[in-house]
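*Asks:* Attaching a single structure in C-alpha cells format; questions to follow.
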Amino acid sequence: MKDKQKRIITTQKIDDYCLWLDRCERSRETIQKYEYYLTRFMEFMDCRPVDKEMVILWKSILRENLAPVTVNGALAALNGFFKYCDWQDCRARFLKISKNTFYPESRELSKKEYLRLVRTAAVQGNERLALLLETICSSGIRVSELPFITVAALHKGQAEVECKGRIRTVLLTKKLCRILLDYAARRGIESGMIFVTRSGKALNRSNIWREMKALGLKANVDREKIFPHNLRHLFARTYYAMTKDLSKLADILGHKDINTTRIYTVESGSRHRKQLESMRLIATPYNAISILLYSEAWAR
C-alpha cells in the first residue's frame with residue numbers, strides 16, 4: 001500500500017524525467033511529445049496512484065479517439081517514464097499495427113497540389129512559407145531540421161543536419177541556394193538560420209502547421225493532405241521513382257532501418273490499379289453481346 005501511494009505522477013516527476021531525457025541526448029521533439037502525453041495522463045489520473053488497470057483504461061480511451069500509431073506514441077512516453085520510475089509492472093503493450101500495402105489516397109499529396117500550394121503562398125505574399133515548402137520538398141528534410149538551413153550551409157551548398165544523435169549531410173540544389181540567399185539578403189539575414197520569426201527565433205512547428213492548413217483552403221488542396229511531413233513523403237516518392245535506389249534514399253532521409261524508408265515509397269491504390277489494368281490480362285470483351293456468346297460457348 002505504501003509503495004502504491006508513492007506511485008502518483010506529478011509535474012515535478014515529469015520535469016525530472018524530461019531533464020533526464022535531455023541528458024540522454026534525446027531530441028527536443030521527442031521530449032516535447034513525451035511531456036505532452038505524460039501531462040495528459042497525469043490529468044487523467046487526477047492524483048490517484050498509478051496501476052496497470054488504470055493504464056489499460058487510458059489506453060482503451062486513446063484507442064477510441066486516436067489513430068493506432070498515435071496511441072503507440074503515447075504508450076512509448078508512458079512506458080519510458082515507468083521504466084525511469086521503476087514502475088515496471090505498469091507498462092502497457094503496444095498496439096499491433098498491420099503494414100499498409102497502399103498509401104491512403106486521401107492523404108497522398110500530388111506534385112500538382114504541392115506546386116499549387118507554393119504558387120498560392122507566393123501570390124498571397126507569404127514568401128517565407130512558399131520557400132519553406134520548397135526547401136523541405138526539394139531536400140527531404142524534416143520540418144524540425146529547418147534550423148540547420150543556414151546562410152553558411154547555403155554558401156557551402158550542403159547542410160550538416162543532426163537528428164536523433166546522428167549527423168548526416170544534406171545536399172542543397174544550386175537553385176534553392178540562390179533563391180534562399182537572395183531572400184536572406186532582402187530580409188537582412190547575414191548569418192544563422194534562414195527561416196526565423198521577426199525576433200530571429202526558429203519557427204515554431206505548430207505555427208508552420210497552422211499556416212499550411214490555412215494555405216490549403218486558399219489553394220483548394222484537401223486538408224487531409226496538408227502537413228509538413230507529407231512534403232518529405234513527396235520528395236521520397238519522386239526520388240525513388242527516378243532512381244529505384246532505396247538504400248541511397250534511406251541515407252538521404254537519415255533512416256537507420258531501410259524498412260522505415262519503404263513506408264515513404266508506398267504507392268496509392270489507384271496507381272497500383274492502373275498498373276494492373278495496363279497488364280491487360282483480362283480476355284473477356286466488355287460488352288453484353290460478347291458476354292452472352294462467351295456464356296453459351298462455356299455452356300457447350
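Identifiers for the C-alpha cells are assigned positionally: chains receive A, B, ... in sequence, residues are indexed from 1 per chain, and ligands are indexed from 1 in the order shown.
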Could you pull the residues within 12 Å of A:Cys90, counting only C-alpha atoms, minus those fewer than 6 positions along the same chain, as a ChimeraX atom specification?

*Replies:* /A:4,7,49-59,75,78-84

*Asks:* Return as JSON, numbers by chain the full set of residues in stretch 179-290 of chain A whose backbone-based DSSP assignment is alpha helix (DSSP H).

*Replies:* {"A": [179, 180, 181, 182, 183, 184, 185, 186, 187, 205, 206, 207, 208, 209, 210, 211, 212, 213, 214, 215, 216, 217, 218, 219, 228, 229, 230, 231, 232, 233, 234, 235, 236, 237, 238, 239, 240, 241, 242, 243, 246, 247, 248, 249, 250, 251, 252, 253, 258, 259, 260, 261, 262, 263, 264, 269, 270, 271, 272, 273, 274, 275, 276, 277, 278, 288, 289, 290]}

*Asks:* Write out as a list in words all residues of stretch 110-252 of chain A that DSSP puts in strand (DSSP E) for this structure's backbone.

*Replies:*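 Here are the strand (DSSP E) residues of stretch 110-252 of chain A: Gln158, Ala159, Glu160, Val161, Glu162, Cys163, Arg166, Ile167, Arg168, Thr169, Val170 and Leu171 of chain A.
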
*Asks:* Name all residues at most 9 Å from stretch 221-223 of chain A (count only C-alpha atoms; drop same-chain ones fewer than 4 positions away) and give them as a ChimeraX atom specification.

*Replies:* /A:106-107,109,113-114,116-117,213-217,227

*Asks:* Counting only C-alpha atoms, which residues in stretch 161-215 of chain A sit no more than 9 Å from stretch 127-132 of chain A? For each one, give the nearest pair of atoms and the distance in Å, sorted by chain then residue number, as JSON lines.

*Replies:*
{"residue": "A:Leu176", "atom": "CA", "partner": "A:Leu131", "partner_atom": "CA", "distance": 8.7}
{"residue": "A:Ile179", "atom": "CA", "partner": "A:Leu131", "partner_atom": "CA", "distance": 8.3}
{"residue": "A:Leu180", "atom": "CA", "partner": "A:Leu131", "partner_atom": "CA", "distance": 7.4}
{"residue": "A:Tyr183", "atom": "CA", "partner": "A:Arg128", "partner_atom": "CA", "distance": 8.4}
{"residue": "A:Phe195", "atom": "CA", "partner": "A:Arg128", "partner_atom": "CA", "distance": 7.2}
{"residue": "A:Ile208", "atom": "CA", "partner": "A:Leu129", "partner_atom": "CA", "distance": 8.0}
{"residue": "A:Glu211", "atom": "CA", "partner": "A:Leu129", "partner_atom": "CA", "distance": 7.8}
{"residue": "A:Met212", "atom": "CA", "partner": "A:Leu129", "partner_atom": "CA", "distance": 8.0}

*Asks:* Save the residues we just selected, C-alpha atoms, as a PDB file, in the first residue's frame?

*Replies:*
ATOM      1  CA  LEU A 176      17.498  26.600 -53.948  1.00  0.00           C
ATOM      2  CA  ILE A 179      16.806  31.750 -54.045  1.00  0.00           C
ATOM      3  CA  LEU A 180      17.281  31.431 -50.274  1.00  0.00           C
ATOM      4  CA  TYR A 183      15.678  36.030 -49.674  1.00  0.00           C
ATOM      5  CA  PHE A 195      13.571  30.532 -41.507  1.00  0.00           C
ATOM      6  CA  ILE A 208       4.090  26.201 -39.619  1.00  0.00           C
ATOM      7  CA  GLU A 211      -0.039  28.393 -41.818  1.00  0.00           C
ATOM      8  CA  MET A 212      -0.047  25.365 -44.111  1.00  0.00           C
TER       9      MET A 212
END

*Asks:* Just the residues within 10 Å of A:Arg232, please, counting only C-alpha atoms, with nothing from its chain fewer than 3 positions along; format it as a list in words.

*Replies:*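 Selected residues are Leu133, Ile136, Cys137, Ser138, Ser139, Gly140, Ile141, Arg142, Val143, Phe227, Pro228, His229, Phe235, Ala236, Arg237, Thr238, Leu253 and Tyr264 of chain A.
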
*Asks:* Go ahead and save the picked residues with C-alpha atoms, as a compact mmCIF listing (two decimals), in the first residue's frame.

*Replies:*
# COMPACT_ATOMS: atom_id res chain seq x y z
CA LEU A 133 7.67 24.37 -48.63
CA ILE A 136 11.54 20.71 -47.37
CA CYS A 137 10.22 19.19 -50.59
CA SER A 138 13.45 19.63 -52.59
CA SER A 139 15.78 18.33 -49.87
CA GLY A 140 13.66 15.76 -48.00
CA ILE A 141 14.49 17.20 -44.56
CA ARG A 142 12.14 17.04 -41.59
CA VAL A 143 10.38 20.23 -40.53
CA PHE A 227 1.05 18.59 -43.06
CA PRO A 228 4.82 19.24 -43.26
CA HIS A 229 5.86 15.57 -43.25
CA PHE A 235 10.36 14.03 -52.05
CA ALA A 236 10.89 10.35 -51.23
CA ARG A 237 8.33 9.09 -53.77
CA THR A 238 9.70 11.35 -56.51
CA LEU A 253 16.33 10.73 -45.30
CA TYR A 264 7.79 6.52 -47.77
